[in-house]
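Visitor: I'd like to ask you about the structure that follows.
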Amino acid sequence: MRQDCGYSFCDKTRFVQHTARHERLDTLMGGDFQQYRATVSCGRPDCIYPSTLGSGQNKSSHFHCLKCDFVCTDTNKVVAHRRQHQKLDSIMAAGFEKFTPTTPCSAPDTCIHSGKQTHYHCLSCQYAVVGLSQMTAHKYRHLE
């Protein structure tokens, strides 16, 4: 029994197909997203995909990222967004933080890359690099 599903079946074939769909979606979301069917309210007052229960509209389900405010209706976007978090997690694990041209960095007054290009600041010393390969070289400086 799944708390997020209320379907019942009288046919084993349809049950197996439906179970496979849940398994595919669970793999797709990887524990980072929560799916809400169109007839189920996600309970978020600021959600752009409100429940269509009783409205007569047939809208698709939507997905909320559990790590940030991202929401979408497309499973392809779920996959792309999960990859984005995985990249950011690996950058953080390497000891850096990512900043884009539209995101003010942690040293905007002294950083030559701030507001100009995507770059990464070392969490230990705030040194800035512009590529992932430079992260490894910089990490060795802290080991010496």
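Quick note on naming: the chains in the structure tokens go A, B, ... in the order shown, residues restart at 1 in each chain, and ligands are numbered from 1 in order of appearance.
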Find the nearest atom pair between each residue of range 2-119 of chain A and range 129-138 of chain A for residues within 10 Å, count only C-alpha atoms, give distances in Å to one decimal, sort rows by chain and ascending number, and present the table as a tab-separated table.
Guide:
```
residue	atom	partner	partner_atom	distance
A:Ile91	CA	A:Leu132	CA	8.2
A:Ala94	CA	A:Met135	CA	7.4
A:Gly95	CA	A:Met135	CA	8.4
A:Phe96	CA	A:Met135	CA	7.7
A:Lys98	CA	A:Val130	CA	9.5
A:Phe99	CA	A:Val130	CA	9.8
A:His113	CA	A:Val130	CA	8.2
A:Gln117	CA	A:Val130	CA	8.0
A:Thr118	CA	A:Val130	CA	6.6
A:His119	CA	A:Val130	CA	4.4
```
Visitor: Generate a file of the selected residues that holds N, CA and C atoms, formatted as a tab-separated table (two decimals), in the first residue's frame.
Guide:
```tsv
chain	number	residue	atom	x	y	z
A	91	ILE	N	30.37	19.71	-6.10
A	91	ILE	CA	31.17	20.94	-5.96
A	91	ILE	C	31.36	21.26	-4.48
A	94	ALA	N	33.79	19.00	-2.90
A	94	ALA	CA	35.17	19.35	-3.26
A	94	ALA	C	35.66	20.57	-2.48
A	95	GLY	N	34.75	21.21	-1.72
A	95	GLY	CA	35.14	22.35	-0.91
A	95	GLY	C	34.94	23.70	-1.57
A	96	PHE	N	34.04	23.75	-2.56
A	96	PHE	CA	33.79	24.99	-3.28
A	96	PHE	C	32.30	25.31	-3.33
A	98	LYS	N	29.46	27.36	-5.93
A	98	LYS	CA	29.28	27.87	-7.29
A	98	LYS	C	28.55	29.21	-7.28
A	99	PHE	N	28.99	30.13	-8.14
A	99	PHE	CA	28.33	31.42	-8.32
A	99	PHE	C	28.19	31.69	-9.81
A	113	HIS	N	35.69	37.88	-10.98
A	113	HIS	CA	34.70	37.13	-11.76
A	113	HIS	C	33.27	37.48	-11.38
A	117	GLN	N	31.05	35.99	-14.88
A	117	GLN	CA	31.05	34.62	-15.36
A	117	GLN	C	30.84	33.65	-14.21
A	118	THR	N	30.47	32.44	-14.56
A	118	THR	CA	30.31	31.40	-13.55
A	118	THR	C	31.69	31.06	-12.98
A	119	HIS	N	31.76	31.01	-11.67
A	119	HIS	CA	33.01	30.70	-10.99
A	119	HIS	C	32.71	30.04	-9.65
```
Visitor: Considering only C-alpha atoms, return as a list in words whatever protein or nucleic-acid residues lie within 12 Å of His18 in chain A, sequence-local ones (same chain, fewer than 2 positions apart) excluded.
Guide: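 Near neighbours after the sequence-gap exclusion: Arg2, Cys5, Gly6, Tyr7, Ser8, Phe9, Asp11, Lys12, Thr13, Arg14, Phe15, Val16, Ala20, Arg21, His22, Glu23, Arg24 and Leu25 of chain A.
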Visitor: Dump N, CA and C atoms for the selected residues as a PDB file, in the first residue's frame?
Guide:
```pdb
ATOM      1  N   ARG A   2       0.512   2.167  -0.841  1.00  0.00           N
ATOM      2  CA  ARG A   2       1.223   3.440  -0.922  1.00  0.00           C
ATOM      3  C   ARG A   2       0.285   4.530  -0.429  1.00  0.00           C
ATOM      4  N   CYS A   5      -1.107   6.908  -3.260  1.00  0.00           N
ATOM      5  CA  CYS A   5      -1.874   6.312  -4.356  1.00  0.00           C
ATOM      6  C   CYS A   5      -3.131   5.654  -3.805  1.00  0.00           C
ATOM      7  N   GLY A   6      -4.225   5.904  -4.453  1.00  0.00           N
ATOM      8  CA  GLY A   6      -5.483   5.328  -3.996  1.00  0.00           C
ATOM      9  C   GLY A   6      -6.100   4.374  -4.996  1.00  0.00           C
ATOM     10  N   TYR A   7      -5.334   3.953  -5.991  1.00  0.00           N
ATOM     11  CA  TYR A   7      -5.878   3.068  -7.009  1.00  0.00           C
ATOM     12  C   TYR A   7      -6.076   1.658  -6.471  1.00  0.00           C
ATOM     13  N   SER A   8      -7.118   0.995  -6.983  1.00  0.00           N
ATOM     14  CA  SER A   8      -7.347  -0.412  -6.669  1.00  0.00           C
ATOM     15  C   SER A   8      -7.606  -1.135  -7.991  1.00  0.00           C
ATOM     16  N   PHE A   9      -7.397  -2.427  -7.988  1.00  0.00           N
ATOM     17  CA  PHE A   9      -7.456  -3.178  -9.237  1.00  0.00           C
ATOM     18  C   PHE A   9      -8.209  -4.485  -9.048  1.00  0.00           C
ATOM     19  N   ASP A  11      -7.774  -6.599 -11.770  1.00  0.00           N
ATOM     20  CA  ASP A  11      -7.047  -7.306 -12.820  1.00  0.00           C
ATOM     21  C   ASP A  11      -5.558  -7.287 -12.481  1.00  0.00           C
ATOM     22  N   LYS A  12      -4.950  -8.449 -12.419  1.00  0.00           N
ATOM     23  CA  LYS A  12      -3.537  -8.548 -12.047  1.00  0.00           C
ATOM     24  C   LYS A  12      -2.633  -7.841 -13.054  1.00  0.00           C
ATOM     25  N   THR A  13      -2.947  -7.909 -14.331  1.00  0.00           N
ATOM     26  CA  THR A  13      -2.129  -7.277 -15.367  1.00  0.00           C
ATOM     27  C   THR A  13      -2.061  -5.776 -15.154  1.00  0.00           C
ATOM     28  N   ARG A  14      -3.195  -5.160 -14.893  1.00  0.00           N
ATOM     29  CA  ARG A  14      -3.211  -3.703 -14.664  1.00  0.00           C
ATOM     30  C   ARG A  14      -2.486  -3.340 -13.378  1.00  0.00           C
ATOM     31  N   PHE A  15      -2.602  -4.195 -12.370  1.00  0.00           N
ATOM     32  CA  PHE A  15      -1.881  -3.965 -11.120  1.00  0.00           C
ATOM     33  C   PHE A  15      -0.376  -3.971 -11.365  1.00  0.00           C
ATOM     34  N   VAL A  16       0.109  -4.957 -12.135  1.00  0.00           N
ATOM     35  CA  VAL A  16       1.538  -5.073 -12.434  1.00  0.00           C
ATOM     36  C   VAL A  16       2.003  -3.856 -13.239  1.00  0.00           C
ATOM     37  N   ALA A  20       4.689  -1.045 -11.939  1.00  0.00           N
ATOM     38  CA  ALA A  20       5.886  -0.715 -12.723  1.00  0.00           C
ATOM     39  C   ALA A  20       5.986   0.788 -12.946  1.00  0.00           C
ATOM     40  N   ARG A  21       4.852   1.444 -13.140  1.00  0.00           N
ATOM     41  CA  ARG A  21       4.847   2.903 -13.310  1.00  0.00           C
ATOM     42  C   ARG A  21       5.350   3.578 -12.040  1.00  0.00           C
ATOM     43  N   HIS A  22       4.887   3.123 -10.872  1.00  0.00           N
ATOM     44  CA  HIS A  22       5.363   3.678  -9.600  1.00  0.00           C
ATOM     45  C   HIS A  22       6.868   3.463  -9.436  1.00  0.00           C
ATOM     46  N   GLU A  23       7.346   2.288  -9.793  1.00  0.00           N
ATOM     47  CA  GLU A  23       8.770   1.995  -9.666  1.00  0.00           C
ATOM     48  C   GLU A  23       9.587   2.889 -10.584  1.00  0.00           C
ATOM     49  N   ARG A  24       9.092   3.125 -11.808  1.00  0.00           N
ATOM     50  CA  ARG A  24       9.789   4.002 -12.744  1.00  0.00           C
ATOM     51  C   ARG A  24       9.833   5.425 -12.213  1.00  0.00           C
ATOM     52  N   LEU A  25       8.707   5.915 -11.698  1.00  0.00           N
ATOM     53  CA  LEU A  25       8.675   7.273 -11.141  1.00  0.00           C
ATOM     54  C   LEU A  25       9.539   7.391  -9.895  1.00  0.00           C
TER      55      LEU A  25
END
```
Visitor: Restricting the calculation to only C-alpha atoms, which member of A:Asp26, A:Asp109, A:Val71, A:Lys87 is positioned closest to Arg44 in chain A?
Guide: A:Val71
Visitor: Can you list, as a PyMOL selection string, all residues belonging to chain A that DSSP tags as helix (DSSP H, G or I)?
Guide: chain A and resi 12-29+75-93+132-143
Visitor: Can you list, as a ChimeraX atom specification, every protein, DNA or RNA residue that comes within 9 Å of range 79-86 of chain A when you count only C-alpha atoms, leaving out same-chain residues fewer than 6 positions away?
Guide: /A:28-30,32-33,65,67,70
Visitor: For the residues in that selection, give me N, CA and C atoms as a CSV table (one decimal), in the first residue's frame.
Guide:
```
chain,number,residue,atom,x,y,z
A,28,LEU,N,13.0,7.7,-11.1
A,28,LEU,CA,13.2,9.0,-11.7
A,28,LEU,C,13.4,10.1,-10.6
A,29,MET,N,12.6,10.0,-9.6
A,29,MET,CA,12.6,11.1,-8.6
A,29,MET,C,13.7,10.9,-7.6
A,30,GLY,N,14.2,9.7,-7.4
A,30,GLY,CA,15.3,9.4,-6.5
A,30,GLY,C,15.2,9.9,-5.1
A,32,ASP,N,14.4,12.7,-4.2
A,32,ASP,CA,14.6,14.2,-4.2
A,32,ASP,C,13.3,15.0,-4.5
A,33,PHE,N,12.3,14.3,-5.0
A,33,PHE,CA,11.1,14.9,-5.4
A,33,PHE,C,9.9,14.3,-4.8
A,65,CYS,N,10.6,19.7,-5.8
A,65,CYS,CA,11.9,19.3,-5.4
A,65,CYS,C,11.9,19.5,-3.9
A,67,LYS,N,14.7,19.7,-2.1
A,67,LYS,CA,15.9,20.4,-1.7
A,67,LYS,C,15.8,21.9,-2.0
A,70,PHE,N,12.0,24.4,-6.6
A,70,PHE,CA,11.7,24.0,-7.9
A,70,PHE,C,10.5,23.2,-8.0
```
